[in-house]
Each structure stands twice: as structure tokens, then as C-alpha cells.
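Below is final30.cif, which holds mmCIF, C-alpha atoms.
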```cif
data_input
#
loop_
_atom_site.label_atom_id
_atom_site.label_comp_id
_atom_site.auth_asym_id
_atom_site.auth_seq_id
_atom_site.Cartn_x
_atom_site.Cartn_y
_atom_site.Cartn_z
CA MET A 1 -2.89 -21.68 -4.79
CA LYS A 2 -4.27 -25.18 -5.05
CA SER A 3 -7.60 -25.90 -6.65
CA LYS A 4 -9.90 -28.82 -7.29
CA LEU A 5 -12.96 -28.69 -9.49
CA SER A 6 -15.51 -31.46 -9.07
CA ALA A 7 -18.96 -32.04 -10.49
CA GLU A 8 -22.02 -32.74 -8.37
CA SER A 9 -25.32 -33.80 -9.94
CA ASN A 10 -26.52 -30.28 -10.78
CA TYR A 11 -23.65 -27.95 -9.90
CA ASP A 12 -19.85 -27.74 -9.76
CA VAL A 13 -17.73 -27.31 -6.64
CA LEU A 14 -14.43 -25.45 -6.79
CA GLU A 15 -12.23 -25.95 -3.75
CA LEU A 16 -9.51 -23.36 -3.29
CA SER A 17 -6.62 -23.27 -0.85
CA GLY A 18 -3.47 -21.28 -0.19
CA GLU A 19 -2.61 -17.85 -1.57
CA ILE A 20 -4.43 -16.39 -4.56
CA ASP A 21 -2.44 -13.55 -6.07
CA LEU A 22 -1.61 -11.97 -9.44
CA HIS A 23 0.15 -15.13 -10.57
CA TYR A 24 -2.77 -17.48 -9.90
CA SER A 25 -5.83 -15.30 -10.51
CA PRO A 26 -5.81 -15.88 -14.33
CA GLN A 27 -6.00 -19.63 -13.61
CA LEU A 28 -8.83 -19.04 -11.13
CA ARG A 29 -10.70 -16.89 -13.64
CA GLU A 30 -10.37 -19.57 -16.30
CA MET A 31 -11.74 -22.27 -14.01
CA ILE A 32 -14.69 -20.17 -12.84
CA LEU A 33 -15.69 -18.96 -16.30
CA GLY A 34 -15.12 -22.43 -17.77
CA SER A 35 -17.50 -24.02 -15.32
CA LEU A 36 -20.18 -21.37 -15.86
CA LYS A 37 -19.75 -21.55 -19.63
CA ASN A 38 -20.71 -25.21 -19.43
CA GLY A 39 -24.00 -24.09 -17.90
CA ASN A 40 -23.18 -25.27 -14.38
CA SER A 41 -24.02 -23.44 -11.19
CA LEU A 42 -20.92 -23.01 -9.03
CA LEU A 43 -20.11 -23.25 -5.35
CA ILE A 44 -16.62 -22.04 -4.40
CA ASN A 45 -15.23 -23.42 -1.16
CA MET A 46 -12.86 -20.85 0.33
CA ALA A 47 -12.29 -22.37 3.76
CA GLU A 48 -8.58 -22.94 3.14
CA VAL A 49 -7.75 -19.67 1.38
CA SER A 50 -4.98 -18.02 3.40
CA TYR A 51 -4.72 -14.88 1.23
CA ILE A 52 -6.54 -13.39 -1.73
CA ASP A 53 -5.54 -10.18 -3.49
CA SER A 54 -7.70 -7.89 -5.58
CA SER A 55 -6.95 -9.76 -8.83
CA GLY A 56 -8.40 -12.89 -7.20
CA ILE A 57 -11.37 -10.89 -5.96
CA ALA A 58 -11.83 -9.51 -9.49
CA SER A 59 -12.04 -13.09 -10.84
CA LEU A 60 -14.72 -13.91 -8.26
CA VAL A 61 -16.63 -10.73 -9.20
CA GLU A 62 -16.50 -11.47 -12.92
CA GLY A 63 -17.72 -14.99 -12.23
CA PHE A 64 -20.63 -13.68 -10.18
CA GLN A 65 -21.65 -11.26 -12.93
CA THR A 66 -21.39 -14.02 -15.56
CA ALA A 67 -23.51 -16.37 -13.42
CA LYS A 68 -26.18 -13.71 -12.91
CA THR A 69 -26.38 -13.03 -16.63
CA ALA A 70 -26.68 -16.76 -17.36
CA ASN A 71 -29.20 -17.22 -14.52
CA LEU A 72 -26.98 -19.70 -12.71
CA SER A 73 -26.44 -20.03 -8.97
CA TYR A 74 -23.08 -18.88 -7.66
CA GLY A 75 -21.97 -18.88 -4.06
CA LEU A 76 -18.99 -18.74 -1.76
CA LEU A 77 -18.78 -21.42 0.93
CA THR A 78 -17.22 -21.20 4.40
CA ILE A 79 -14.96 -18.27 3.67
CA SER A 80 -11.77 -18.18 5.69
CA SER A 81 -11.18 -15.21 7.94
CA PRO A 82 -8.36 -13.66 5.81
CA ALA A 83 -10.51 -13.86 2.65
CA LEU A 84 -13.57 -12.49 4.45
CA GLN A 85 -11.51 -9.51 5.65
CA VAL A 86 -10.65 -8.65 2.05
CA LEU A 87 -14.28 -9.01 0.98
CA THR A 88 -15.31 -6.74 3.84
CA LEU A 89 -12.65 -4.15 2.98
CA THR A 90 -13.91 -4.07 -0.60
CA ARG A 91 -17.56 -4.13 0.57
CA LEU A 92 -18.15 -7.27 -1.48
CA ASP A 93 -19.35 -9.26 1.53
CA ARG A 94 -22.69 -7.55 0.78
CA VAL A 95 -22.59 -8.48 -2.89
CA PHE A 96 -21.71 -12.18 -2.94
CA THR A 97 -24.00 -14.86 -1.55
CA LEU A 98 -22.08 -16.46 1.31
CA TYR A 99 -22.98 -19.94 2.57
CA ASP A 100 -22.03 -21.73 5.76
CA THR A 101 -23.08 -25.17 4.52
CA VAL A 102 -23.43 -27.02 1.22
CA GLU A 103 -27.06 -27.74 2.11
CA GLN A 104 -27.86 -24.01 2.16
CA PHE A 105 -26.56 -23.69 -1.38
CA GLN A 106 -28.36 -26.84 -2.56
CA SER A 107 -31.66 -25.66 -1.13
CA GLN A 108 -31.81 -22.65 -3.46
CA LEU A 109 -30.88 -24.46 -6.67
CA MET B 1 2.90 -8.47 12.99
CA GLU B 2 5.94 -10.51 12.06
CA ASN B 3 9.41 -9.93 13.43
CA THR B 4 11.35 -10.44 10.19
CA SER B 5 12.56 -7.30 8.45
CA ALA B 6 10.97 -6.08 5.26
CA ILE B 7 13.48 -3.23 5.05
CA SER B 8 16.84 -3.07 6.75
CA ILE B 9 18.79 0.19 6.66
CA SER B 10 22.39 0.14 7.86
CA ASN B 11 24.97 2.89 8.29
CA LEU B 12 23.37 5.04 5.63
CA ASP B 13 24.98 8.34 4.63
CA VAL B 14 23.41 10.52 1.96
CA ASP B 15 24.91 13.72 0.58
CA TYR B 16 23.76 16.43 -1.77
CA GLY B 17 27.01 17.79 -3.14
CA SER B 18 29.26 18.53 -0.21
CA ARG B 19 26.35 18.73 2.19
CA ARG B 20 25.55 15.67 4.33
CA ILE B 21 21.77 15.23 4.56
CA LEU B 22 21.59 11.86 6.32
CA SER B 23 24.29 10.57 8.62
CA ASN B 24 24.78 6.99 9.79
CA ILE B 25 21.12 5.96 9.74
CA SER B 26 20.40 2.38 10.83
CA PHE B 27 17.04 0.79 11.62
CA ASP B 28 14.75 -2.03 10.50
CA ILE B 29 11.15 -1.98 9.29
CA ARG B 30 9.39 -5.23 10.14
CA GLN B 31 7.11 -7.11 7.80
CA GLY B 32 3.48 -6.18 8.31
CA GLU B 33 4.03 -3.04 10.35
CA ILE B 34 3.27 0.60 9.73
CA MET B 35 6.46 2.58 10.27
CA VAL B 36 6.05 6.32 10.38
CA ILE B 37 9.11 8.40 9.59
CA MET B 38 8.77 11.70 11.30
CA GLY B 39 10.78 14.86 11.68
CA GLY B 40 10.64 18.57 11.16
CA SER B 41 11.34 20.35 7.91
CA GLY B 42 14.93 19.74 6.84
CA SER B 43 15.26 16.70 9.08
CA GLY B 44 16.06 14.48 6.10
CA LYS B 45 12.87 12.41 6.07
CA SER B 46 12.06 13.08 2.41
CA THR B 47 15.66 12.29 1.43
CA LEU B 48 15.42 9.03 3.36
CA LEU B 49 12.24 8.17 1.45
CA ARG B 50 13.85 9.03 -1.90
CA THR B 51 16.85 6.88 -1.01
CA MET B 52 14.62 3.95 -0.01
CA LEU B 53 12.84 4.27 -3.36
CA GLY B 54 16.16 4.13 -5.21
CA LEU B 55 15.74 7.70 -6.48
CA LYS B 56 18.84 8.90 -4.61
CA LYS B 57 22.09 6.98 -4.32
CA PRO B 58 23.59 6.90 -0.84
CA SER B 59 27.21 7.86 -0.28
CA ALA B 60 27.65 4.96 2.12
CA GLY B 61 25.65 2.17 3.74
CA HIS B 62 23.06 -0.33 2.62
CA ILE B 63 19.30 -0.67 2.24
CA ASN B 64 18.05 -4.22 2.04
CA MET B 65 14.47 -4.43 0.83
CA LEU B 66 12.68 -7.80 0.74
CA GLY B 67 16.07 -9.47 0.37
CA THR B 68 17.48 -7.14 -2.30
CA ASP B 69 20.30 -4.69 -1.58
CA ILE B 70 18.89 -1.75 -3.54
CA CYS B 71 22.18 0.16 -3.44
CA HIS B 72 23.93 -2.55 -5.45
CA ALA B 73 21.07 -4.23 -7.32
CA SER B 74 20.96 -4.61 -11.11
CA GLN B 75 18.25 -2.86 -13.12
CA LYS B 76 16.50 -6.21 -13.53
CA GLU B 77 16.51 -6.86 -9.78
CA LEU B 78 15.17 -3.35 -9.13
CA TYR B 79 12.42 -3.87 -11.71
CA LYS B 80 11.36 -7.11 -10.00
CA LEU B 81 11.42 -5.39 -6.62
CA ARG B 82 9.33 -2.48 -7.88
CA GLU B 83 6.55 -4.90 -8.80
CA LYS B 84 6.19 -5.48 -5.06
CA MET B 85 6.28 -1.78 -4.17
CA GLY B 86 3.67 0.94 -4.33
CA VAL B 87 4.40 4.61 -3.87
CA ALA B 88 1.96 7.45 -3.28
CA PHE B 89 3.75 10.75 -3.70
CA GLN B 90 2.71 13.86 -1.82
CA GLY B 91 1.40 15.80 -4.81
CA GLY B 92 -0.05 12.71 -6.48
CA ALA B 93 2.43 12.62 -9.39
CA LEU B 94 -0.42 11.66 -11.72
CA PHE B 95 0.11 11.75 -15.47
CA THR B 96 -1.82 14.83 -16.54
CA SER B 97 -2.62 13.49 -20.01
CA MET B 98 -4.32 10.38 -18.61
CA SER B 99 -7.68 10.04 -16.87
CA VAL B 100 -7.88 8.88 -13.25
CA THR B 101 -8.67 5.35 -14.44
CA GLU B 102 -5.79 5.26 -16.92
CA ASN B 103 -3.39 6.49 -14.25
CA ILE B 104 -4.48 3.80 -11.83
CA GLN B 105 -4.33 1.02 -14.42
CA LEU B 106 -0.84 1.94 -15.57
CA PRO B 107 1.11 -0.41 -13.21
CA LEU B 108 -1.12 -3.34 -14.19
CA ARG B 109 -0.59 -2.68 -17.87
CA GLU B 110 3.18 -2.27 -17.37
CA HIS B 111 3.79 -5.27 -15.13
CA THR B 112 1.05 -7.85 -15.83
CA LYS B 113 -0.78 -9.57 -18.63
CA LEU B 114 -4.09 -9.75 -16.81
CA ASP B 115 -7.31 -9.97 -18.76
CA GLU B 116 -8.97 -6.63 -19.57
CA ASN B 117 -12.06 -7.49 -17.47
CA THR B 118 -9.85 -8.27 -14.46
CA ILE B 119 -8.02 -4.95 -14.88
CA GLN B 120 -11.30 -3.03 -15.11
CA ILE B 121 -12.75 -4.69 -11.99
CA MET B 122 -9.51 -4.30 -9.99
CA THR B 123 -9.43 -0.61 -10.90
CA ARG B 124 -13.00 -0.07 -9.75
CA ILE B 125 -12.36 -1.96 -6.50
CA LYS B 126 -9.45 0.37 -5.71
CA LEU B 127 -11.32 3.50 -6.81
CA ASP B 128 -14.18 2.50 -4.51
CA MET B 129 -11.75 1.94 -1.62
CA VAL B 130 -10.54 5.54 -1.92
CA ASN B 131 -14.05 6.91 -2.61
CA LEU B 132 -13.23 8.02 -6.14
CA LEU B 133 -15.41 5.65 -8.15
CA PRO B 134 -17.76 8.42 -9.36
CA TYR B 135 -14.77 10.35 -10.72
CA GLU B 136 -13.04 7.59 -12.70
CA ASN B 137 -13.19 9.42 -16.03
CA LEU B 138 -11.97 12.80 -14.78
CA MET B 139 -8.57 14.17 -15.70
CA PRO B 140 -6.08 15.03 -12.90
CA SER B 141 -6.54 18.75 -13.60
CA GLU B 142 -10.21 18.36 -12.63
CA LEU B 143 -9.40 16.87 -9.20
CA SER B 144 -8.93 18.65 -5.87
CA GLY B 145 -5.68 18.18 -3.96
CA GLY B 146 -7.27 15.56 -1.69
CA MET B 147 -8.71 13.67 -4.65
CA LYS B 148 -5.30 13.63 -6.36
CA LYS B 149 -3.79 12.20 -3.20
CA ARG B 150 -6.46 9.47 -3.07
CA ALA B 151 -6.00 8.70 -6.77
CA ALA B 152 -2.26 8.37 -6.14
CA LEU B 153 -2.99 5.94 -3.31
CA ALA B 154 -5.30 3.90 -5.56
CA ARG B 155 -2.52 3.68 -8.15
CA ALA B 156 0.02 2.75 -5.45
CA ILE B 157 -2.10 -0.17 -4.21
CA ILE B 158 -3.46 -1.40 -7.55
CA MET B 159 -0.99 -4.32 -7.59
CA ASP B 160 -1.53 -5.12 -3.88
CA PRO B 161 2.12 -4.38 -3.13
CA LYS B 162 4.05 -5.97 -0.28
CA LEU B 163 5.57 -2.56 0.47
CA LEU B 164 3.62 0.68 0.38
CA PHE B 165 5.34 4.06 0.70
CA PHE B 166 3.20 7.07 1.40
CA ASP B 167 4.57 10.61 1.48
CA GLU B 168 2.55 13.01 3.62
CA PRO B 169 -0.86 11.31 3.33
CA SER B 170 -2.71 13.88 5.45
CA ALA B 171 -1.10 17.10 4.28
CA GLY B 172 -3.68 19.48 2.89
CA LEU B 173 -6.66 17.24 3.61
CA ASP B 174 -9.73 18.10 5.64
CA PRO B 175 -9.94 16.26 9.01
CA ILE B 176 -12.60 13.77 7.87
CA THR B 177 -10.82 12.77 4.65
CA SER B 178 -7.59 12.57 6.61
CA ALA B 179 -9.16 10.23 9.20
CA GLU B 180 -10.68 8.09 6.40
CA LEU B 181 -7.27 7.78 4.80
CA ASP B 182 -5.70 6.82 8.14
CA ASN B 183 -8.34 4.08 8.55
CA LEU B 184 -7.68 2.81 5.04
CA ILE B 185 -3.93 2.65 5.69
CA VAL B 186 -4.50 0.55 8.81
CA MET B 187 -7.00 -1.70 6.98
CA LEU B 188 -4.52 -2.25 4.13
CA LYS B 189 -1.93 -3.39 6.61
CA GLU B 190 -4.28 -5.73 8.44
CA THR B 191 -6.15 -7.12 5.45
CA MET B 192 -3.68 -7.09 2.58
CA ARG B 193 -0.62 -7.79 4.79
CA MET B 194 1.23 -4.76 3.52
CA THR B 195 4.29 -3.30 5.15
CA ILE B 196 3.67 0.43 5.08
CA VAL B 197 6.13 3.29 5.38
CA VAL B 198 4.55 6.68 5.93
CA VAL B 199 6.50 9.91 5.93
CA THR B 200 4.65 12.66 7.74
CA HIS B 201 4.78 15.31 10.41
CA GLU B 202 1.03 15.31 11.10
CA LEU B 203 1.02 14.26 14.76
CA GLU B 204 -2.61 13.18 14.93
CA SER B 205 -2.17 10.90 11.96
CA VAL B 206 1.12 9.52 13.31
CA PHE B 207 -0.41 8.25 16.51
CA ALA B 208 -3.53 6.96 14.73
CA ILE B 209 -1.65 4.64 12.40
CA ALA B 210 1.90 3.93 13.58
CA ASP B 211 3.07 0.61 14.96
CA ARG B 212 6.48 2.21 15.35
CA ILE B 213 7.90 5.65 14.71
CA ALA B 214 11.37 6.67 13.53
CA ILE B 215 12.25 10.26 14.39
CA LEU B 216 14.84 12.13 12.38
CA GLY B 217 16.46 15.42 13.30
CA ASP B 218 19.17 17.28 11.40
CA GLY B 219 19.92 14.19 9.32
CA GLU B 220 20.37 11.84 12.26
CA LEU B 221 18.13 9.14 13.64
CA ILE B 222 17.06 10.38 17.05
CA GLN B 223 14.84 7.51 18.17
CA VAL B 224 12.87 4.50 16.93
CA GLY B 225 10.06 3.17 19.08
CA THR B 226 6.40 2.42 19.58
CA PRO B 227 4.03 5.39 19.91
CA GLU B 228 4.08 4.86 23.71
CA GLU B 229 7.88 4.86 23.79
CA ILE B 230 8.01 8.01 21.68
CA LYS B 231 5.40 9.75 23.83
CA SER B 232 7.44 8.99 26.95
CA SER B 233 10.77 9.90 25.37
CA THR B 234 13.13 11.99 27.46
CA ASP B 235 15.05 13.24 24.42
CA GLU B 236 14.59 16.97 24.23
CA ARG B 237 14.40 17.00 20.42
CA VAL B 238 11.59 14.42 20.48
CA ILE B 239 9.73 16.31 23.19
CA ASN B 240 10.06 19.54 21.22
CA LEU B 241 8.76 17.87 18.07
CA LEU B 242 5.74 16.41 19.88
CA ASN B 243 5.03 19.69 21.69
CA ARG B 244 5.57 21.68 18.50
CA THR B 245 8.13 23.86 20.26
CA PRO B 246 9.79 26.32 17.90
CA ARG B 247 13.52 25.66 17.41
CA GLU B 248 15.76 28.07 19.20
CA ASN B 249 17.89 29.79 16.61
CA ILE B 250 21.02 30.74 18.49
CA VAL B 251 23.05 33.07 16.32
CA ASP B 252 26.78 33.46 16.57
CA GLY B 253 27.35 37.08 15.50
CA ASP B 254 30.61 36.47 13.65
CA VAL B 255 29.34 33.39 11.81
CA HIS B 256 26.14 35.17 10.83
CA LEU B 257 28.05 38.19 9.52
CA GLN B 258 30.30 35.91 7.49
CA ARG B 259 27.29 34.10 6.08
CA LEU B 260 25.70 37.35 4.97
CA THR B 261 28.82 38.91 3.46
CA ARG B 262 30.90 35.99 2.14
CA ASP B 263 30.16 36.67 -1.52
CA ASN B 264 31.36 40.29 -1.13
CA GLN B 265 34.78 39.37 0.18
#
```
Encoding of this model in C-alpha cells:
Amino acid sequence: MKSKLSAESNYDVLELSGEIDLHYSPQLREMILGSLKNGNSLLINMAEVSYIDSSGIASLVEGFQTAKTANLSYGLLTISSPALQVLTLTRLDRVFTLYDTVEQFQSQL
Amino acid sequence: MENTSAISISNLDVDYGSRRILSNISFDIRQGEIMVIMGGSGSGKSTLLRTMLGLKKPSAGHINMLGTDICHASQKELYKLREKMGVAFQGGALFTSMSVTENIQLPLREHTKLDENTIQIMTRIKLDMVNLLPYENLMPSELSGGMKKRAALARAIIMDPKLLFFDEPSAGLDPITSAELDNLIVMLKETMRMTIVVVTHELESVFAIADRIAILGDGELIQVGTPEEIKSSTDERVINLLNRTPRENIVDGDVHLQRLTRDNQ
């Protein structure tokens, strides 16, 4: 997994790529929760994610729950087909807010 | 589906005492495919599964699994390999003193140092996948046979293994639950990129899920092929298996008499 966290004016963007498995999901969880803990809304770009296992999905779920509790915006951007398949299998495609463009996310901030 | 082998079995002989159960078995299981191992009772399919799992030592031959020769691997190598394997046993093999949730979490607690929240969410994801989420706090003794089987599957896939072994997934299940389980097996292959080995003799299930089928008979490998190749097989033993033809039991009078009276001689 490769990741890059950057700050926009009123939200953070986390760009993920490669394979997210048991070895990398703790790192992903830390980045997501760290960003939210700082009071920032979070947009996670998953266009380049080639594989995500259920530990990675669990980190995304925990982040979503944390964001909701803190009343922050939290969205997944341009999800790759392999990642979307996993979300569909776990019925989480109906839980997360999925965005096709950054503008869609910005418009609801 | 990829063409590289996840499991490579070569010249495998397995004996119980003086009795040969498997004889000269050789075939490959490709990464990302569902291989169904099929055969009648006593064909050796359960012994083959036990040998692949490292529960039975072969008398001869090799099994290479994700690059590890399991017949000659050290305990440490086997431990590392088992992190990439999930096994759902026929009867569930759940720990009776643990709840469904505790059973399912066990591999994560044994093999990882994941955060407690991650473990809890992963467990619920897998329980939901096998439709057992409402029953997470039940004990195994409170589950039906089908529920035990689904709980065993949830435990087998909790670590998202590269290799999933499933012994008789449909046996004893109602047709709807059985079809749901077949769908889930196919989805796991496609979505989670698992290589899946299923041992069964449920024909409907075989043709619903298999990419390829290996047919065993009397301890020998009769044929390996796609469902279409198996359906059009000209081998009499394969045809009999598919048509559920009872085996002809030709009795040699002298041999039978000897069998019945040998302890009295």
C-alpha cells in the first residue's frame, strides 16, 4: 500500500494505492483516525487500490463511524473496481458515501 | 483466473497402516480457481484433503503449497503458511466453550495484533456475509447444523486467506442455504481472489461452483477437467458417478468365504 495525506482548505485528502491487507490496515486506520481526530473532514481517494481485505474495510468503517460521531464529512472517491467489489460483497456500498468527483464532496461540506 | 499453481501435488501416495488409500496422485490447483475434489465414499477425497492440510503425512510424493513443500517444511514454515489458509470442516469443528463470535475471532487473536475495534468490525462483516450476525453471542450447542457450517466458514475466511479449503459445504443443508453458500464461495473467489478447494459429492453444488473438477475413485485420480470436460467424459467410473449408478459388487465366492471366516482358521 502507498498513501499520501494532504490538507485542503477545509478537509483532508487521503490517496491510497496498491494492496491494503492485514499488514497495512493498522497504518491506514492510524491515518484515518488521526485526520479525524484533528477535526478534519476526510475524502479518501481509492482509484488506485488494487485490493482491499476485510481488515482494510474495517478501518474504513471505523473511520466512518468516528466521522459521524464527530459530525465530520467522510467520503470515498472514485473507488476502483476491485475495491468496489469488496464493498458490494460486504454490502457496505450502501453505507459509505461514494463520490465520483471532488466537487461533489466539496459541495456538501 | 491465473495460470500459476497455488497447489501442486506430485506422485502422492498415502497409506493407513498397510492399506494404500491414495496412489500416485498428481495434479495442480491454479491460483484463483475453485477446484472441486469429487468422488464416492471411500474414494480417498477426505484423505487427500487431510494430507493437503498437513494432518496426514504422505508415504511418498510432494505437495507444494504457495511455494512451500508441506511434506518437508519446518514447523515455522507451516505456521507461516497456515496464516494464508482457511479451513471449514464438515461438522464445523467449533470450540464448544466459546461463543460464535469468539470462535470466529480466534485466528485473528492467534495470528495478528490488530486493534480490538478492527477485530470486532471484521468479525461482524464476516458474520453478516454468512447471515449469522443476529446469532453472534450464541454458543455452538445452540446452533443448527447449517449454522455451524456457516460459522465455520466465517472463521475460515476471517483472515481473508489466499487458500480456502471447504469440506462438504452443502451436506445437510436445505436447498436455499446450500445455494446461498455456493454463491458466497464464488463471490469469495472473484472478490477476495481466493483459491478455493472444495471437497464434496453434491453434484448440483459441484457444477454451480467448480472451475475445474478432480475425480477420485478407489484412491486413484480418474480425471481432472472443467465441468464441461467432466460432463462429456467417456470414463465409465466418471459416468457412473455423475449418473449416480450403484457400484456393481462382484463377489468372488472363495474370496468372500475367506473374508468371512479368516479369524476362525
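You will find CA of Asn117 in chain B at 11.9 Å from CA of Gln105 in chain B.
Residue selection for this entry, given the PyMOL selection byres ((chain A) within 8 of (chain B)), comprises A:Leu22, A:Pro26, A:Tyr51, A:Asp53, A:Ser54, A:Ser55, A:Ile57, A:Ala58, A:Ser59, A:Val61, A:Glu62, A:Pro82, A:Gln85, A:Val86, A:Leu89, A:Thr90.
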Q.
Please enumerate the residues selected by the PyMOL selection byres ((chain B and resi 53) around 9) when evaluated against the supplied file, formatted as a PyMOL selection string.
A. chain B and resi 48-52+54-56+70+82+85+87+165
Q: Quote the spacing between CA of Asp93 in chain A and CA of Gly39 in chain A in Å to one decimal place.
A: 24.9 Å
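Atom to atom, CA of Ala214 in chain B and CA of Phe27 in chain B stand 8.4 Å apart.
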Q: Give me the residues within 6 Å of Ser41 in chain A as a PyMOL selection string, counting only C-alpha atoms and dropping any in the same chain fewer than 4 places off.
A: chain A and resi 11+72-74
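Those residues returned by the PyMOL selection byres ((chain B and resi 154) around 7) for this file are Ile104, Lys126, Leu127, Val130, Arg150, Ala151, Ala152, Leu153, Arg155, Ala156, Ile157 and Ile158 of chain B.
Candidate residues B:Gln90, B:Gln223, B:Ser59, B:Ser5 were compared for distance to Ser18 in chain B, and the nearest is B:Ser59, using all atoms listed in the file.
Among the candidates A:Leu77, A:Leu42, A:Ser107, A:Ile52, the one nearest to Glu8 in chain A when counting all atoms listed in the file is A:Leu42.
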Q) For Leu241 in chain B, which residue among B:Ile7, B:Ile222, B:Val198, B:Ile176 is the nearest when counting only C-alpha atoms? A) B:Ile222
Q.
What's around Asp100 in chain A at 9 Å? Count all atoms listed in the file, leave out sequence neighbours fewer than 3 positions away in its own chain, and write the answer as a ChimeraX atom specification.
A. /A:76-79,103-105
Can you report as JSON the centre and edge lengths in Å, to one decimal, of an axis-aligned box around the listed atoms of range 42-60 of chain A padded with 3 Å on each side?
```
{"center_x": -12.8, "center_y": -15.7, "center_z": -3.5, "size_x": 22.2, "size_y": 21.5, "size_z": 20.6}
```
Q. Is there a way to get, as a PyMOL selection string, all residues within 9 Å of the point (-6.8, -26.7, -2.5) in file coordinates, counting all atoms listed in the file?
A. chain A and resi 1-4+14-18+46+48-49
Would you write out, as JSON lines, a table of all residues in range 61-93 of chain A that have an atom no more than 8 Å from an atom of range 35-38 of chain A, listing for each the closest atom pair and the distance in Å to one decimal, considering all atoms listed in the file and ordering rows by chain and rising residue number?
```
{"residue": "A:Gly63", "atom": "CA", "partner": "A:Leu36", "partner_atom": "CA", "distance": 7.7}
{"residue": "A:Thr66", "atom": "CA", "partner": "A:Leu36", "partner_atom": "CA", "distance": 7.5}
{"residue": "A:Ala67", "atom": "CA", "partner": "A:Leu36", "partner_atom": "CA", "distance": 6.5}
{"residue": "A:Leu72", "atom": "CA", "partner": "A:Leu36", "partner_atom": "CA", "distance": 7.7}
```
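Proximity to Ile185 in chain B was assessed for B:Leu173, B:Glu102, B:Gly225, B:Asp211 counting all atoms listed in the file; the smallest distance is recorded for B:Asp211.
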